[in-house]
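S.K.: The file below is model-v8.cif, mmCIF, C-alpha atoms:
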data_protein
#
loop_
_atom_site.label_atom_id
_atom_site.label_comp_id
_atom_site.auth_asym_id
_atom_site.auth_seq_id
_atom_site.Cartn_x
_atom_site.Cartn_y
_atom_site.Cartn_z
CA MET A 778 142.82 2.52 106.84
CA ILE A 779 144.79 3.18 103.66
CA LYS A 780 147.40 0.66 104.79
CA SER A 781 144.85 -2.12 105.21
CA ILE A 782 143.27 -1.35 101.83
CA GLY A 783 146.74 -1.60 100.28
CA ILE A 784 147.38 -4.92 102.02
CA LEU A 785 144.03 -6.27 100.84
CA LEU A 786 144.86 -5.18 97.30
CA ILE A 787 148.18 -7.05 97.49
CA ALA A 788 146.36 -10.12 98.83
CA ALA A 789 143.87 -9.87 95.96
CA ALA A 790 146.75 -9.72 93.49
CA ILE A 791 148.35 -12.80 95.07
CA LEU A 792 145.03 -14.66 94.89
CA TRP A 793 144.65 -13.64 91.26
CA ILE A 794 148.11 -14.95 90.41
CA GLU A 795 148.02 -18.20 92.35
CA VAL A 796 144.49 -19.56 92.50
CA PRO A 797 143.56 -20.19 88.82
CA PRO A 798 146.50 -22.57 88.11
CA LEU A 799 145.81 -24.45 91.34
CA LEU A 800 142.13 -24.87 90.47
CA GLU A 801 143.05 -25.99 87.00
CA LYS A 802 145.37 -28.73 88.27
CA LYS A 803 142.91 -29.63 91.08
CA TYR A 804 145.58 -29.33 93.81
CA LYS A 805 143.20 -29.17 96.76
CA LYS A 806 145.70 -29.60 99.58
CA GLU A 807 147.99 -26.93 98.12
CA LEU A 808 145.05 -24.56 97.87
CA LEU A 809 144.15 -25.18 101.52
CA VAL A 810 147.72 -24.57 102.78
CA PHE A 811 148.03 -21.53 100.54
CA SER A 812 144.79 -20.02 101.85
CA ILE A 813 145.74 -20.59 105.50
CA LEU A 814 149.16 -19.00 105.03
CA LEU A 815 147.70 -16.07 103.11
CA ALA A 816 145.09 -15.55 105.84
CA ILE A 817 147.84 -15.53 108.49
CA GLY A 818 149.92 -13.13 106.39
CA VAL A 819 147.06 -10.70 105.77
CA GLY A 820 145.95 -10.88 109.41
CA LEU A 821 149.44 -10.11 110.71
CA SER A 822 150.01 -7.32 108.19
CA ILE A 823 146.74 -5.57 109.00
CA THR A 824 147.39 -5.88 112.72
CA LEU A 825 150.77 -4.29 112.13
CA GLY A 826 149.16 -1.65 109.89
CA PHE A 827 146.94 -0.52 112.77
CA GLU A 828 150.08 -0.42 114.95
CA LYS A 829 148.78 -3.00 117.37
CA PRO A 830 151.54 -5.00 119.08
CA ILE A 831 152.19 -8.49 117.71
CA PRO A 832 153.68 -11.05 120.13
CA ASN A 833 157.31 -11.67 119.28
CA PRO A 834 158.04 -15.32 118.38
CA LEU A 835 161.62 -14.86 119.50
CA ASP A 836 160.49 -14.33 123.11
CA LEU A 837 158.90 -17.77 123.04
CA LEU A 838 162.09 -19.28 121.63
CA THR A 839 164.09 -17.51 124.34
CA ILE A 840 161.98 -19.25 127.01
CA ILE A 841 162.30 -22.64 125.29
CA PHE A 842 166.05 -22.44 124.79
CA LYS A 843 166.88 -20.93 128.22
CA PRO A 844 168.31 -24.17 129.73
CA LEU A 845 170.52 -24.89 126.70
CA ASP A 846 171.59 -21.26 126.67
CA ASP A 847 172.75 -21.43 130.26
CA VAL A 848 174.78 -24.57 129.54
CA ILE A 849 176.46 -23.01 126.49
CA SER A 850 177.27 -19.73 128.16
CA HIS A 851 178.66 -21.68 131.14
CA LEU A 852 180.92 -23.63 128.77
CA LEU A 853 182.15 -20.45 127.10
CA LYS A 854 183.23 -18.78 130.32
CA MET B 478 157.87 -31.01 89.31
CA ILE B 479 160.31 -30.47 92.17
CA ARG B 480 162.32 -33.52 91.11
CA ASP B 481 163.81 -32.52 87.79
CA VAL B 482 165.76 -29.52 89.10
CA LYS B 483 169.51 -30.11 88.89
CA ILE B 484 172.50 -27.82 89.33
CA ASN B 485 176.12 -28.70 88.69
CA SER B 486 178.90 -28.79 91.23
CA TYR B 487 180.43 -25.45 90.22
CA GLN B 488 177.11 -23.68 90.75
CA PHE B 489 176.85 -25.36 94.13
CA LEU B 490 180.37 -24.22 94.98
CA VAL B 491 179.40 -20.63 94.18
CA LEU B 492 176.27 -20.87 96.30
CA VAL B 493 178.29 -22.23 99.23
CA ILE B 494 180.83 -19.40 98.93
CA LEU B 495 178.13 -16.74 98.88
CA PHE B 496 176.25 -18.42 101.72
CA THR B 497 179.35 -18.67 103.91
CA ILE B 498 180.31 -15.04 103.40
CA GLY B 499 176.68 -14.00 103.79
CA THR B 500 176.18 -11.57 106.61
CA SER B 501 179.54 -12.41 108.16
CA ILE B 502 181.43 -9.98 105.94
CA LEU B 503 179.92 -6.99 107.73
CA THR B 504 179.18 -8.22 111.23
CA VAL B 505 181.72 -10.88 112.17
CA PRO B 506 184.86 -8.68 112.56
CA SER B 507 183.34 -6.71 115.42
CA ALA B 508 181.93 -9.82 117.10
CA LEU B 509 185.35 -11.48 116.98
CA ALA B 510 187.26 -8.38 118.06
CA THR B 511 185.03 -7.97 121.12
CA ASP B 512 186.28 -11.19 122.67
CA ALA B 513 189.54 -12.13 120.98
CA LYS B 514 190.92 -8.53 120.81
CA GLN B 515 193.88 -8.25 118.43
CA ASP B 516 193.80 -12.00 117.78
CA ALA B 517 190.45 -11.74 116.01
CA TRP B 518 191.96 -12.86 112.74
CA LEU B 519 193.40 -15.95 114.46
CA ALA B 520 189.93 -16.64 115.81
CA ALA B 521 188.62 -16.45 112.25
CA ILE B 522 191.23 -19.01 111.16
CA PHE B 523 190.30 -21.35 114.01
CA GLY B 524 186.64 -20.79 113.22
CA THR B 525 187.15 -21.76 109.59
CA GLY B 526 188.93 -24.94 110.71
CA ILE B 527 186.11 -25.91 113.08
CA GLY B 528 183.60 -24.98 110.38
CA LEU B 529 185.20 -27.42 107.94
CA LEU B 530 184.72 -30.21 110.49
CA VAL B 531 181.04 -29.29 110.80
CA ILE B 532 180.66 -29.31 107.01
CA TRP B 533 182.35 -32.72 106.90
CA LEU B 534 179.70 -33.96 109.35
CA PHE B 535 176.95 -32.60 107.08
CA ILE B 536 178.44 -34.31 104.04
CA THR B 537 178.65 -37.63 105.87
CA ILE B 538 175.01 -37.41 106.88
CA ALA B 539 173.79 -36.28 103.49
CA LEU B 540 175.55 -39.05 101.62
CA TRP B 541 173.71 -41.85 103.47
CA PHE B 542 170.66 -41.17 101.34
CA PRO B 543 171.78 -39.14 98.32
CA ASN B 544 168.26 -38.63 97.00
CA LEU B 545 166.65 -37.15 100.09
CA THR B 546 166.60 -33.60 101.38
CA TYR B 547 167.20 -32.81 105.04
CA VAL B 548 163.49 -32.77 105.86
CA GLN B 549 162.91 -36.15 104.21
CA LEU B 550 166.02 -37.49 105.92
CA LEU B 551 164.71 -36.45 109.34
CA GLU B 552 161.44 -38.19 108.60
CA LYS B 553 163.19 -41.32 107.43
CA LEU B 554 165.46 -41.58 110.47
CA PHE B 555 163.14 -40.52 113.28
CA GLY B 556 159.86 -41.88 111.98
CA LYS B 557 156.85 -39.92 110.83
CA TRP B 558 155.80 -37.79 113.80
CA VAL B 559 159.08 -37.07 115.58
CA GLY B 560 160.70 -36.41 112.22
CA LYS B 561 157.97 -33.99 111.24
CA ALA B 562 158.29 -32.17 114.58
CA PHE B 563 162.04 -31.70 114.06
CA SER B 564 161.44 -30.62 110.47
CA ALA B 565 158.88 -28.07 111.63
CA LEU B 566 161.49 -26.59 113.95
CA PHE B 567 163.95 -26.54 111.05
CA VAL B 568 161.44 -24.75 108.80
CA LEU B 569 160.66 -22.25 111.54
CA MET B 570 164.37 -21.60 112.02
CA SER B 571 164.99 -20.94 108.34
CA LEU B 572 161.94 -18.67 108.06
CA ILE B 573 163.04 -16.69 111.12
CA TYR B 574 166.55 -16.35 109.72
CA ALA B 575 165.23 -15.27 106.33
CA SER B 576 163.28 -12.49 108.02
CA GLU B 577 166.24 -11.70 110.25
CA LEU B 578 168.33 -11.06 107.16
CA LEU B 579 165.55 -8.89 105.73
CA TYR B 580 165.80 -6.89 108.94
CA TYR B 581 169.60 -6.64 108.62
CA PHE B 582 169.23 -5.38 105.06
CA GLY B 583 166.57 -2.83 106.00
CA LEU B 584 168.52 -1.64 109.03
CA PHE B 585 171.81 -1.28 107.19
CA LEU B 586 170.38 0.66 104.28
CA ASN B 587 168.27 2.72 106.64
CA ILE B 588 171.26 3.76 108.74
CA HIS B 589 173.86 4.24 106.05
CA MET B 590 172.24 5.00 102.71
CA MET B 591 168.55 5.90 102.79
CA PRO B 592 167.78 7.39 106.20
CA SER B 593 164.39 8.83 105.31
CA THR B 594 162.96 5.71 103.64
CA PRO B 595 160.88 3.61 106.04
CA MET B 596 162.37 0.22 106.81
CA VAL B 597 159.30 -1.69 105.65
CA VAL B 598 159.83 -0.44 102.09
CA LEU B 599 163.39 -1.73 102.03
CA SER B 600 162.31 -5.08 103.48
CA ILE B 601 159.57 -5.40 100.87
CA LEU B 602 162.07 -4.61 98.10
CA LEU B 603 164.43 -7.40 99.11
CA ALA B 604 161.55 -9.78 99.89
CA GLY B 605 160.16 -9.19 96.41
CA VAL B 606 163.44 -10.18 94.75
CA MET B 607 163.78 -13.12 97.13
CA VAL B 608 160.28 -14.46 96.36
CA MET B 609 160.96 -13.99 92.67
CA GLY B 610 164.19 -15.97 92.93
CA VAL B 611 162.52 -18.84 94.75
CA ARG B 612 159.57 -18.92 92.35
CA LEU B 613 161.86 -19.09 89.34
CA GLY B 614 163.58 -22.03 90.93
CA LEU B 615 166.95 -23.20 92.13
CA GLU B 616 168.51 -23.40 88.67
CA THR B 617 167.79 -19.77 87.92
CA PHE B 618 169.27 -18.33 91.04
CA ALA B 619 172.24 -20.69 90.84
CA ARG B 620 173.01 -19.21 87.41
CA THR B 621 172.58 -15.71 88.83
CA ALA B 622 175.08 -16.61 91.52
CA GLU B 623 177.48 -17.81 88.84
CA ILE B 624 177.43 -14.36 87.24
CA LEU B 625 177.52 -12.33 90.42
CA ILE B 626 180.41 -14.23 92.00
CA VAL B 627 182.71 -12.70 89.36
CA VAL B 628 181.47 -9.21 90.23
CA PHE B 629 181.92 -10.06 93.89
CA PHE B 630 185.54 -11.14 93.64
CA VAL B 631 186.56 -8.29 91.32
CA ILE B 632 185.17 -5.69 93.75
CA PHE B 633 186.61 -7.58 96.69
CA PHE B 634 190.14 -7.57 95.27
CA ILE B 635 189.88 -3.87 94.39
CA LEU B 636 188.87 -3.06 97.97
CA VAL B 637 191.61 -5.21 99.50
CA ALA B 638 194.27 -3.70 97.23
CA PHE B 639 193.14 -0.15 98.00
CA ILE B 640 192.91 -0.57 101.75
CA SER B 641 196.21 -2.40 102.22
CA PRO B 642 198.38 0.78 102.43
CA GLU B 643 196.49 1.76 105.59
CA MET B 644 197.51 -1.34 107.53
CA LYS B 645 199.48 -0.86 110.73
CA PHE B 646 201.07 -3.97 112.12
CA GLU B 647 201.33 -2.45 115.61
CA ASN B 648 197.58 -2.92 115.87
CA ILE B 649 197.73 -6.70 115.78
CA GLN B 650 200.65 -7.02 118.17
CA PRO B 651 201.18 -8.85 120.48
CA VAL B 652 200.15 -11.85 118.42
CA TYR B 653 198.57 -14.82 120.21
CA GLU B 654 198.25 -13.00 123.49
CA MET B 655 194.82 -14.37 124.36
CA GLY B 656 195.74 -18.06 124.35
CA THR B 657 194.19 -20.96 122.49
CA LYS B 658 191.20 -21.44 124.80
CA LYS B 659 189.97 -17.88 124.61
CA ILE B 660 190.45 -17.70 120.83
CA VAL B 661 188.51 -20.91 120.19
CA GLN B 662 185.71 -19.75 122.49
CA SER B 663 185.34 -16.45 120.73
CA SER B 664 185.33 -18.11 117.32
CA ILE B 665 182.16 -20.05 118.20
CA PHE B 666 179.89 -17.20 117.09
CA TYR B 667 181.58 -17.12 113.70
CA VAL B 668 181.33 -20.89 113.31
CA VAL B 669 177.62 -20.71 114.08
CA VAL B 670 176.95 -17.92 111.60
CA SER B 671 179.01 -19.29 108.73
CA SER B 672 179.15 -23.06 108.99
CA VAL B 673 176.48 -24.45 111.31
CA ASP B 674 173.88 -22.37 109.49
CA ALA B 675 174.90 -24.20 106.32
CA VAL B 676 172.57 -26.96 107.48
CA VAL B 677 169.95 -25.30 105.27
CA LEU B 678 172.14 -26.17 102.28
CA LEU B 679 171.30 -29.82 103.00
CA MET B 680 167.96 -29.00 101.41
CA ILE B 681 169.73 -28.80 98.03
CA PHE B 682 172.74 -31.00 98.79
CA PRO B 683 172.99 -33.66 97.50
CA SER B 684 169.54 -34.34 96.03
CA PHE B 685 169.51 -31.48 93.50
CA ILE B 686 173.04 -31.89 92.21
CA ASN B 687 173.93 -33.91 89.17
CA LYS B 688 177.51 -35.07 89.71
CA MET B 689 177.98 -36.62 93.11
CA LYS B 690 181.75 -37.12 93.16
CA GLN B 691 183.01 -33.54 92.83
CA VAL B 692 180.27 -32.05 94.87
CA LYS B 693 181.66 -33.30 98.15
CA LYS B 694 184.82 -31.39 97.42
CA SER B 695 182.99 -28.26 96.36
CA PHE B 696 181.07 -28.07 99.65
CA LEU B 697 184.33 -28.10 101.63
CA LEU B 698 186.15 -25.85 99.14
CA GLY B 699 183.31 -23.32 99.12
CA ASN B 700 183.35 -23.11 102.88
CA LEU B 701 187.12 -22.69 102.85
CA ILE B 702 187.07 -19.87 100.26
CA GLY B 703 184.30 -18.11 102.16
CA GLY B 704 186.35 -18.52 105.32
CA ILE B 705 189.41 -16.99 103.67
CA VAL B 706 187.41 -13.93 102.62
CA ILE B 707 186.25 -13.47 106.20
CA ILE B 708 189.78 -13.96 107.54
CA VAL B 709 191.09 -11.28 105.17
CA ILE B 710 188.33 -8.83 106.11
CA THR B 711 188.85 -9.42 109.83
CA PHE B 712 192.60 -9.02 109.50
CA LEU B 713 192.18 -5.75 107.59
CA SER B 714 189.63 -4.37 110.07
CA VAL B 715 191.79 -5.08 113.08
CA SER B 716 195.05 -3.95 111.50
CA VAL B 717 193.61 -0.70 110.14
CA PHE B 718 191.35 0.33 113.02
CA GLY B 719 192.83 -1.37 116.04
CA VAL B 720 190.81 -3.41 118.49
CA GLU B 721 188.75 -0.72 120.19
CA LYS B 722 187.21 0.76 117.08
CA THR B 723 186.60 -2.61 115.39
CA ALA B 724 184.77 -3.90 118.43
CA GLY B 725 182.80 -0.68 118.81
CA GLU B 726 181.42 -0.52 115.29
CA ILE B 727 178.41 -2.54 114.16
CA TYR B 728 179.72 -2.69 110.58
CA PRO B 729 183.53 -2.35 110.79
CA SER B 730 184.23 -3.47 107.23
CA TYR B 731 181.93 -0.75 105.92
CA GLU B 732 183.79 1.86 107.96
CA LEU B 733 186.98 0.30 106.63
CA THR B 734 186.21 1.18 103.04
CA LYS B 735 185.44 4.76 104.05
CA ARG B 736 189.13 5.06 104.96
CA ILE B 737 190.25 4.36 101.41
CA ASN B 738 192.10 7.32 99.97
CA ILE B 739 194.43 6.81 97.03
CA GLY B 740 196.15 10.06 96.06
CA ASN B 741 193.10 12.14 97.09
CA PHE B 742 191.38 10.76 94.03
CA VAL B 743 189.86 7.37 94.90
CA GLN B 744 187.74 8.20 97.93
CA ARG B 745 184.46 7.22 99.56
CA ILE B 746 183.92 3.99 97.65
CA GLU B 747 182.04 2.36 100.52
CA GLY B 748 179.10 1.91 98.17
CA LEU B 749 181.08 -0.93 96.62
CA MET B 750 181.31 -2.64 99.99
CA ALA B 751 177.57 -2.22 100.45
CA SER B 752 176.93 -3.80 97.08
CA LEU B 753 179.19 -6.73 97.95
CA TRP B 754 177.19 -7.21 101.07
CA VAL B 755 173.86 -6.93 99.30
CA ILE B 756 174.95 -9.62 96.81
CA THR B 757 175.97 -12.11 99.49
CA LEU B 758 173.05 -11.24 101.73
CA TYR B 759 170.59 -11.75 98.91
CA PHE B 760 171.82 -15.27 98.25
CA LYS B 761 171.86 -16.17 101.92
CA THR B 762 168.30 -14.88 102.36
CA THR B 763 167.10 -16.70 99.27
CA LEU B 764 168.65 -19.98 100.38
CA TYR B 765 167.05 -19.68 103.81
CA PHE B 766 163.71 -18.85 102.25
CA TYR B 767 164.04 -21.64 99.72
CA ALA B 768 164.79 -24.09 102.52
CA SER B 769 161.78 -22.99 104.51
CA VAL B 770 159.37 -23.07 101.56
CA LEU B 771 160.60 -26.40 100.23
CA GLY B 772 160.73 -27.84 103.74
CA MET B 773 157.17 -26.81 104.45
CA ALA B 774 156.00 -28.29 101.14
CA GLN B 775 157.75 -31.56 101.93
CA ILE B 776 156.43 -31.79 105.48
CA LEU B 777 152.89 -31.42 104.18
CA ASN B 778 153.56 -33.69 101.17
CA LEU B 779 152.61 -31.01 98.65
CA LYS B 780 153.25 -31.56 94.96
CA ASP B 781 154.54 -28.05 94.31
CA TYR B 782 156.19 -25.51 96.58
CA ARG B 783 155.53 -22.43 94.43
CA PRO B 784 152.06 -21.52 95.74
CA LEU B 785 153.56 -21.09 99.21
CA THR B 786 156.16 -18.50 98.22
CA LEU B 787 154.02 -15.36 98.06
CA PRO B 788 152.12 -15.82 101.36
CA LEU B 789 155.28 -16.90 103.18
CA GLY B 790 157.09 -13.89 101.73
CA MET B 791 154.37 -11.69 103.20
CA ILE B 792 154.77 -13.37 106.60
CA ALA B 793 158.55 -12.99 106.37
CA VAL B 794 158.23 -9.23 105.81
CA VAL B 795 155.93 -8.90 108.84
CA LEU B 796 158.29 -11.03 110.92
CA SER B 797 161.26 -8.90 109.86
CA LEU B 798 159.53 -5.86 111.35
CA VAL B 799 158.40 -7.62 114.51
CA ILE B 800 161.21 -9.90 115.65
CA TYR B 801 163.74 -7.26 116.68
CA PRO B 802 162.33 -4.25 118.52
CA ASN B 803 165.79 -2.63 118.56
CA VAL B 804 169.46 -3.25 117.87
CA MET B 805 170.28 -4.03 121.52
CA TYR B 806 167.71 -6.82 121.54
CA GLN B 807 169.10 -8.12 118.25
CA GLN B 808 172.70 -8.23 119.48
CA HIS B 809 171.70 -9.94 122.71
CA TRP B 810 169.40 -12.45 121.02
CA ASP B 811 171.92 -13.32 118.35
CA SER B 812 174.62 -14.09 120.87
CA THR B 813 172.42 -16.15 123.20
CA THR B 814 169.24 -17.81 121.97
CA GLY B 815 170.15 -17.50 118.30
CA ASN B 816 173.31 -19.49 118.96
CA SER B 817 171.46 -22.21 120.85
CA LEU B 818 168.75 -22.45 118.21
CA THR B 819 171.23 -22.84 115.38
CA LEU B 820 173.45 -25.20 117.34
CA SER B 821 170.57 -27.46 118.31
CA ILE B 822 169.24 -27.70 114.73
CA GLY B 823 172.56 -27.63 112.93
CA LEU B 824 174.90 -29.54 115.23
CA PHE B 825 173.16 -31.51 117.97
CA LEU B 826 170.42 -32.80 115.68
CA PRO B 827 172.90 -34.15 113.08
CA LEU B 828 174.91 -35.76 115.90
CA LEU B 829 171.71 -37.38 117.18
CA MET B 830 171.07 -38.54 113.62
CA VAL B 831 174.47 -40.22 113.53
CA VAL B 832 173.63 -42.10 116.75
CA VAL B 833 170.17 -43.13 115.55
CA TYR B 834 171.54 -44.22 112.19
CA ALA B 835 174.24 -46.35 113.83
CA ILE B 836 171.71 -48.04 116.15
CA ARG B 837 169.28 -48.69 113.34
CA LYS B 838 171.96 -50.12 111.14
CA ARG B 839 173.06 -52.49 113.88
CA THR B 840 169.54 -53.71 114.63
CA LYS B 841 168.91 -54.23 110.95
CA LYS B 842 172.07 -56.31 110.62
CA LYS B 843 171.03 -58.44 113.59
CA GLU B 844 167.63 -59.04 112.07
CA ILE B 845 169.26 -60.25 108.89
CA GLU B 846 171.60 -62.52 110.83
CA ILE B 847 168.70 -64.01 112.80
CA ASN B 848 166.75 -64.60 109.65
CA GLU B 849 169.66 -66.38 108.11
#
Please rewrite the model in this file as structure tokens.

M.R.:
Amino acid sequence: MIKSIGILLIAAAILWIEVPPLLEKKYKKELLVFSILLAIGVGLSITLGFEKPIPNPLDLLTIIFKPLDDVISHLLK
Amino acid sequence: MIRDVKINSYQFLVLVILFTIGTSILTVPSALATDAKQDAWLAAIFGTGIGLLVIWLFITIALWFPNLTYVQLLEKLFGKWVGKAFSALFVLMSLIYASELLYYFGLFLNIHMMPSTPMVVLSILLAGVMVMGVRLGLETFARTAEILIVVFFVIFFILVAFISPEMKFENIQPVYEMGTKKIVQSSIFYVVVSSVDAVVLLMIFPSFINKMKQVKKSFLLGNLIGGIVIIVITFLSVSVFGVEKTAGEIYPSYELTKRINIGNFVQRIEGLMASLWVITLYFKTTLYFYASVLGMAQILNLKDYRPLTLPLGMIAVVLSLVIYPNVMYQQHWDSTTGNSLTLSIGLFLPLLMVVVYAIRKRTKKKEIEINE
């Protein structure tokens, strides 16, 4: 619980730093991308804070690059 | 806003040196000694040679369109959608590597210096400095690099001078036992870590540099100097420890500095080695992170990349805790999929770009001829 409150506080600080200048300059697209990324970041951090497993992106890459991997390791033998 | 950033060729040289040394200074000696045995230092020499060829390829590509970054170049050559897909993979790669280096930093300090501090705290510390560097901009951290390179080389020469009495030449004999083929094969890992990874430097080269003529030289020279540092460290590790111990350690050069003992007075100065490594690692992480943030901003056609730094920094910290469950997984991943990922973005993609560029140039010429 304490962890997620801390993460939310950090997110609030980030919002406080970033959003006013963006609103002032009317950068709408930047604001949208920023909010999506921040939402992903906060979501992942809180999931990690509750010690729930997060799928590892490297496992996906391992599956994608398996054929190339086999070729390279064959060449190196 | 992004446009008016410019650094000079000396600052770029310093960044290339620090990037090339990067993580290699701690991890490469053991990786080379595992396969090439006592010829590890020869493998480092071969690796530097191959690396220079790769850098030459990068320079050739970058100088076709001197005002574009790598992401814009991909979009220009492959068209909008395919280019953006490749760029997305590039951004993903640099973000993953930035968090990988955060993990390295956390792991190293956790094992050797601060065992009771949780790793997440150490990752957040480095990520904070990294985000700060990227937010302040390329010029600022290039100037920081200019200052810290002096510190780096002073400490480096002190360490080399102090460790040289411990060298035993029996450890590197017989020289050239493994044969050319084996040595070149084992140097591939080093080439990937030091030179092929330098593809992220194409995000600042050549579009953010003010004098074009010298900068070509400083890219090659920086890679060469970085390579020499790695060769020296590998040579020292193998000649002081022998093959077995070098290959068995995760951080042989750190263990190396623990051996230093000058007249029972200068002892246990391995903290200096750790600070060397933290300096180079910081710049490598920042360059990766800078490439990913700037790349993402350019894919989405944003006017400013700064708003993305803090959220992406947060994601990078989470990734650094998630991507490697343990050291075994890390070692295996680095030597298999990590290699293929880097090679496909940093070597095969540029080669494909050369082919596409040649074809496009030819068709364009034909069109002109027909029109005439």

S.K.: For chain A, report every residue with an atom at most 6 Å from chain B (counting only C-alpha atoms), formatted as a short mmCIF file (atom, residue, chain, number, x, y, z; two decimals) with C-alpha atoms, keeping the file's coordinate frame.

M.R.:
data_model
loop_
_atom_site.label_atom_id
_atom_site.label_comp_id
_atom_site.auth_asym_id
_atom_site.auth_seq_id
_atom_site.Cartn_x
_atom_site.Cartn_y
_atom_site.Cartn_z
CA PHE A 811 148.03 -21.53 100.54
CA LEU A 814 149.16 -19.00 105.03
CA LEU A 815 147.70 -16.07 103.11
CA GLY A 818 149.92 -13.13 106.39
CA ASN A 833 157.31 -11.67 119.28
CA THR A 839 164.09 -17.51 124.34
CA ASP A 846 171.59 -21.26 126.67
CA LEU A 853 182.15 -20.45 127.10
#

S.K.: Tell me which residues the PyMOL selection byres ((chain B and resi 747) around 7) grabs here, as number ranges by chain.

M.R.: B: 731, 734-735, 745-746, 748-751

S.K.: Since we have the selection now, will you write its residues out, keeping C-alpha atoms, as a PDB file, in the frame of the given file?

M.R.:
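File produced: selection28.pdb:
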ATOM      1  CA  TYR B 731     181.930  -0.750 105.920  1.00  0.00           C
ATOM      2  CA  THR B 734     186.210   1.180 103.040  1.00  0.00           C
ATOM      3  CA  LYS B 735     185.440   4.760 104.050  1.00  0.00           C
ATOM      4  CA  ARG B 745     184.460   7.220  99.560  1.00  0.00           C
ATOM      5  CA  ILE B 746     183.920   3.990  97.650  1.00  0.00           C
ATOM      6  CA  GLY B 748     179.100   1.910  98.170  1.00  0.00           C
ATOM      7  CA  LEU B 749     181.080  -0.930  96.620  1.00  0.00           C
ATOM      8  CA  MET B 750     181.310  -2.640  99.990  1.00  0.00           C
ATOM      9  CA  ALA B 751     177.570  -2.220 100.450  1.00  0.00           C
TER      10      ALA B 751
END

S.K.: For the structure shown, which residues end up in the PyMOL selection byres ((chain B and resi 494-497) around 9)? Put them as a PyMOL selection string, please?

M.R.: chain B and resi 489-493+498-501+622+626+670-672+674-675+678+696+698-704+707+756-758+760-762+764

S.K.: For Gly740 in chain B, list every protein, DNA or RNA residue within 12 Å, evaluated using only C-alpha atoms, and leave out those in the same chain fewer than 3 positions away; present the list as a list in words.

M.R.: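 Residues meeting the cut-off are Phe639, Pro642, Ile737, Val743 and Gln744 of chain B.
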
S.K.: Could you give me, as an NGL selection string, the residues that have an atom at most 9 Å away from the point (165.7, -20.9, 107.7) in the coordinates of the file, using only C-alpha atoms?

M.R.: :B and (567-576 or 674 or 677 or 762 or 764-769)

S.K.: Restricting the calculation to all atoms listed in the file: of B:Val482, B:Val548, B:Leu733, B:Ile502, which residue gets closest to Ile705 in chain B?

M.R.: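 Closest to Ile705 in chain B of all the choices is B:Ile502.
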
S.K.: Can you tell me, as a list in words, what residues are no more than 12 Å from Ala816 in chain A when counting all atoms listed in the file, ignoring any on the same chain fewer than 3 positions away?

M.R.: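 My reading of the contact set: Ile784, Leu785, Ala788, Ala789, Ile791, Leu792, Leu809, Val810, Phe811, Ser812, Ile813, Val819, Gly820, Leu821, Ser822 and Ile823 of chain A; Leu787, Pro788, Leu789, Met791 and Ile792 of chain B.
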
S.K.: Give as a ChimeraX atom specification the residues that the PyMOL selection byres ((chain A and resi 780) around 12) matches when applied to the coordinates above.

M.R.: /A:778-779,781-787,819,822-828

S.K.: So the first atom is CA of Asp836 in chain A and the second is CA of Leu566 in chain B; what is the distance between them in Å, to one decimal place?

M.R.: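 Computed distance, CA of Asp836 in chain A to CA of Leu566 in chain B, equals 15.3 Å.
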
S.K.: Can you work out which one of B:Ile649, B:Val669, B:Thr617, B:Tyr728 has the shortest atom-to-atom distance to Leu713 in chain B, counting all atoms listed in the file?

M.R.: B:Ile649

S.K.: Counting all atoms listed in the file, which residues come within 10 Å of (187.0, -13.3, 107.9), with the point read in the file's coordinates, and could you list them as a list in words?

M.R.: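 Checked against the point, the hits come out as Ile498, Ser501, Ile502, Leu503, Thr504, Val505, Pro506, Leu509, Ala517, Trp518, Leu519, Ala520, Ala521, Ile522, Gly524, Thr525, Tyr667, Gly703, Gly704, Ile705, Val706, Ile707, Ile708, Val709, Ile710, Thr711, Phe712, Leu713 and Ser714 of chain B.
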
S.K.: Kindly list the centre and edge lengths in Å, rounded to one decimal, for the axis-aligned box that covers all listed atoms of range 519-529 of chain B plus 3 Å on each of its six sides, as lines of an AutoDock Vina configuration file.

M.R.:
center_x = 188.5
center_y = -21.7
center_z = 111.9
size_x = 15.8
size_y = 17.5
size_z = 13.9

S.K.: Do you have the CA of Ser664 in chain B-CA of Phe825 in chain B distance handy?

M.R.: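 Atom-to-atom, CA of Ser664 in chain B and CA of Phe825 in chain B are spaced 18.1 Å apart.
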
S.K.: Given the choices B:Glu732, B:Ala724, B:Leu529, B:Ser641, which gets closest to His589 in chain B if the distance is worked out from all atoms listed in the file?

M.R.: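 The answer is B:Glu732, which sits nearest to His589 in chain B.
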
S.K.: So the first atom is CA of Glu807 in chain A and the second is CA of Lys557 in chain B; what is the distance between them in Å, to one decimal place?

M.R.: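 Taking CA of Glu807 in chain A as the start and CA of Lys557 in chain B as the end point, the length is 20.2 Å.
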
S.K.: Residues within 9 Å of Leu824 in chain B, please, as a list of chain:residue names. Count all atoms listed in the file; anything in the same chain fewer than 6 positions from it doesn't count.

M.R.: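 What passes the distance filter is B:Val531, B:Leu534, B:Phe535, B:Val673, B:Val676.
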